[in-house]
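Here is the structure we will look at.
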Amino acid sequence: MGESGLARLGWIGVHLTCEKNGIGKALLEKVIEHCRAESCYKVTLYTLPFLIPAINLYLKYGFVLEAYLLKEWWNVDFMKMSRWP
Ligand SMILES: CC(C)(COP(=O)(O)OP(=O)(O)OC[C@H]1O[C@@H](n2cnc3c(N)ncnc32)[C@H](O)[C@@H]1OP(=O)(O)O)[C@@H](O)C(=O)NCCC(=O)NCCS
């Protein structure tokens with residue numbers, strides 16, 4: 001996060017053996033809490049359309065699809081999802 005007030009969430013990942021145990025939720029809650037504390041007006045991230053667990057997680061925490069980017073990087077589609085804390 002820079003001084004602009006926009007926070008960018010990079011890749012998050014949980015080890016395969018630990019998935020579906022609430023770690024993803026806990027990580028995202030910390031990110032949102034931190035963004036609120038830092039008075040960010042928006043949190044944004046890029047993800048891929050086939051990462052269904054991640055998309056479900058983001059939707060659950062109020063992220064919305066802001067843009068669907070056709071062949072954005074590496075010749076594949078990306079999704080930009082954002083949340084306004
Ligand atoms: C996305 C990821 C971080 C989620 O972490 P996690 O610890 O398994 O997630 P949680 O146990 O906290 O689950 C949170 C929510 O995510 C969604 N979710 C998690 N695993 C899922 C699965 N296999 N299928 C569908 N939805 C899933 C559900 O909405 C779940 O909520 P619920 O348990 O109430 O149904 C993990 O699956 C991962 O590391 N994926 C590979 C890397 C990746 O895609 N990173 C995101 C890049 S943008």
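As shown in the structure tokens, the chain order sets the letters A, B, ...; within each chain, residues go from 1, and ligands are also counted from 1 in the order they appear.
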Which residues sit within 12 Å of ligand 1, counting only C-alpha atoms and all ligand atoms, listed as a ChimeraX atom specification? /A:8-29,44-62,78-82
Exercise: A:Cys35 partners within 12 Å, only C-alpha atoms, chain neighbours under 5 positions left out, as a ChimeraX atom specification: /A:1-2,5-9,28-30,40-44,83-85
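Atom CA of A:Leu65 sits 21.9 Å away from atom CA of A:Ser39.
Within chain A, DSSP run on the backbone puts these residues in helix (DSSP H, G or I): Leu16, Thr17, Cys18, Ile23, Gly24, Lys25, Ala26, Leu27, Leu28, Glu29, Lys30, Val31, Ile32, Glu33, His34, Cys35, Arg36, Ala37, Ile52, Pro53, Ala54, Ile55, Asn56, Leu57, Tyr58, Leu59 and Lys60 of chain A.
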How about saving the chosen residues, N, CA and C atoms kept, as a PDB file, in the first residue's frame?
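Saved to again-v6.pdb:
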ATOM      1  N   LEU A  16      -1.047 -27.083   0.327  1.00  0.00           N
ATOM      2  CA  LEU A  16      -2.089 -28.069  -0.050  1.00  0.00           C
ATOM      3  C   LEU A  16      -2.612 -28.889   1.124  1.00  0.00           C
ATOM      4  N   THR A  17      -1.692 -29.246   2.029  1.00  0.00           N
ATOM      5  CA  THR A  17      -2.090 -30.104   3.152  1.00  0.00           C
ATOM      6  C   THR A  17      -2.889 -29.335   4.212  1.00  0.00           C
ATOM      7  N   CYS A  18      -2.936 -28.012   4.080  1.00  0.00           N
ATOM      8  CA  CYS A  18      -3.615 -27.199   5.111  1.00  0.00           C
ATOM      9  C   CYS A  18      -4.855 -26.486   4.566  1.00  0.00           C
ATOM     10  N   ILE A  23      -7.533 -20.939   6.995  1.00  0.00           N
ATOM     11  CA  ILE A  23      -6.333 -20.080   6.959  1.00  0.00           C
ATOM     12  C   ILE A  23      -6.513 -18.937   5.956  1.00  0.00           C
ATOM     13  N   GLY A  24      -7.106 -19.262   4.813  1.00  0.00           N
ATOM     14  CA  GLY A  24      -7.359 -18.222   3.798  1.00  0.00           C
ATOM     15  C   GLY A  24      -8.232 -17.109   4.363  1.00  0.00           C
ATOM     16  N   LYS A  25      -9.274 -17.507   5.058  1.00  0.00           N
ATOM     17  CA  LYS A  25     -10.170 -16.511   5.679  1.00  0.00           C
ATOM     18  C   LYS A  25      -9.404 -15.655   6.681  1.00  0.00           C
ATOM     19  N   ALA A  26      -8.592 -16.314   7.506  1.00  0.00           N
ATOM     20  CA  ALA A  26      -7.839 -15.589   8.540  1.00  0.00           C
ATOM     21  C   ALA A  26      -6.873 -14.593   7.886  1.00  0.00           C
ATOM     22  N   LEU A  27      -6.215 -15.018   6.801  1.00  0.00           N
ATOM     23  CA  LEU A  27      -5.278 -14.116   6.107  1.00  0.00           C
ATOM     24  C   LEU A  27      -6.019 -12.898   5.565  1.00  0.00           C
ATOM     25  N   LEU A  28      -7.150 -13.159   4.931  1.00  0.00           N
ATOM     26  CA  LEU A  28      -7.898 -12.065   4.308  1.00  0.00           C
ATOM     27  C   LEU A  28      -8.460 -11.103   5.361  1.00  0.00           C
ATOM     28  N   GLU A  29      -8.905 -11.653   6.481  1.00  0.00           N
ATOM     29  CA  GLU A  29      -9.413 -10.789   7.556  1.00  0.00           C
ATOM     30  C   GLU A  29      -8.312  -9.859   8.064  1.00  0.00           C
ATOM     31  N   LYS A  30      -7.085 -10.392   8.171  1.00  0.00           N
ATOM     32  CA  LYS A  30      -5.954  -9.559   8.617  1.00  0.00           C
ATOM     33  C   LYS A  30      -5.678  -8.442   7.615  1.00  0.00           C
ATOM     34  N   VAL A  31      -5.732  -8.796   6.328  1.00  0.00           N
ATOM     35  CA  VAL A  31      -5.474  -7.798   5.280  1.00  0.00           C
ATOM     36  C   VAL A  31      -6.515  -6.676   5.381  1.00  0.00           C
ATOM     37  N   ILE A  32      -7.782  -7.068   5.511  1.00  0.00           N
ATOM     38  CA  ILE A  32      -8.867  -6.071   5.561  1.00  0.00           C
ATOM     39  C   ILE A  32      -8.733  -5.199   6.812  1.00  0.00           C
ATOM     40  N   GLU A  33      -8.418  -5.849   7.923  1.00  0.00           N
ATOM     41  CA  GLU A  33      -8.229  -5.124   9.197  1.00  0.00           C
ATOM     42  C   GLU A  33      -7.097  -4.099   9.052  1.00  0.00           C
ATOM     43  N   HIS A  34      -5.990  -4.539   8.436  1.00  0.00           N
ATOM     44  CA  HIS A  34      -4.834  -3.651   8.251  1.00  0.00           C
ATOM     45  C   HIS A  34      -5.211  -2.477   7.338  1.00  0.00           C
ATOM     46  N   CYS A  35      -5.942  -2.775   6.273  1.00  0.00           N
ATOM     47  CA  CYS A  35      -6.328  -1.716   5.334  1.00  0.00           C
ATOM     48  C   CYS A  35      -7.233  -0.690   6.005  1.00  0.00           C
ATOM     49  N   ARG A  36      -8.130  -1.178   6.857  1.00  0.00           N
ATOM     50  CA  ARG A  36      -9.005  -0.251   7.590  1.00  0.00           C
ATOM     51  C   ARG A  36      -8.164   0.637   8.512  1.00  0.00           C
ATOM     52  N   ALA A  37      -7.230  -0.011   9.234  1.00  0.00           N
ATOM     53  CA  ALA A  37      -6.397   0.726  10.190  1.00  0.00           C
ATOM     54  C   ALA A  37      -5.568   1.789   9.472  1.00  0.00           C
ATOM     55  N   ILE A  52     -11.076 -21.153  -8.596  1.00  0.00           N
ATOM     56  CA  ILE A  52     -12.405 -21.096  -7.963  1.00  0.00           C
ATOM     57  C   ILE A  52     -12.343 -20.942  -6.433  1.00  0.00           C
ATOM     58  N   PRO A  53     -11.478 -21.679  -5.716  1.00  0.00           N
ATOM     59  CA  PRO A  53     -11.423 -21.470  -4.265  1.00  0.00           C
ATOM     60  C   PRO A  53     -11.100 -20.017  -3.907  1.00  0.00           C
ATOM     61  N   ALA A  54     -10.157 -19.430  -4.628  1.00  0.00           N
ATOM     62  CA  ALA A  54      -9.780 -18.041  -4.350  1.00  0.00           C
ATOM     63  C   ALA A  54     -10.932 -17.091  -4.662  1.00  0.00           C
ATOM     64  N   ILE A  55     -11.573 -17.282  -5.800  1.00  0.00           N
ATOM     65  CA  ILE A  55     -12.685 -16.389  -6.177  1.00  0.00           C
ATOM     66  C   ILE A  55     -13.805 -16.487  -5.138  1.00  0.00           C
ATOM     67  N   ASN A  56     -14.129 -17.720  -4.720  1.00  0.00           N
ATOM     68  CA  ASN A  56     -15.164 -17.884  -3.681  1.00  0.00           C
ATOM     69  C   ASN A  56     -14.787 -17.156  -2.403  1.00  0.00           C
ATOM     70  N   LEU A  57     -13.511 -17.291  -2.043  1.00  0.00           N
ATOM     71  CA  LEU A  57     -13.031 -16.624  -0.818  1.00  0.00           C
ATOM     72  C   LEU A  57     -13.191 -15.103  -0.946  1.00  0.00           C
ATOM     73  N   TYR A  58     -12.748 -14.549  -2.055  1.00  0.00           N
ATOM     74  CA  TYR A  58     -12.837 -13.091  -2.234  1.00  0.00           C
ATOM     75  C   TYR A  58     -14.292 -12.616  -2.246  1.00  0.00           C
ATOM     76  N   LEU A  59     -15.157 -13.377  -2.932  1.00  0.00           N
ATOM     77  CA  LEU A  59     -16.578 -12.984  -2.973  1.00  0.00           C
ATOM     78  C   LEU A  59     -17.166 -13.001  -1.566  1.00  0.00           C
ATOM     79  N   LYS A  60     -16.772 -14.013  -0.796  1.00  0.00           N
ATOM     80  CA  LYS A  60     -17.276 -14.141   0.578  1.00  0.00           C
ATOM     81  C   LYS A  60     -16.918 -12.924   1.416  1.00  0.00           C
TER      82      LYS A  60
END
Sel. of strand (DSSP E or B) residues, chain A, as JSON, numbers by chain: {"A": [6, 7, 8, 9, 42, 43, 44, 45, 46, 47, 64, 65, 66, 67, 68, 69, 70, 71, 72, 73, 76, 77, 78, 79, 80, 81, 82, 83]}
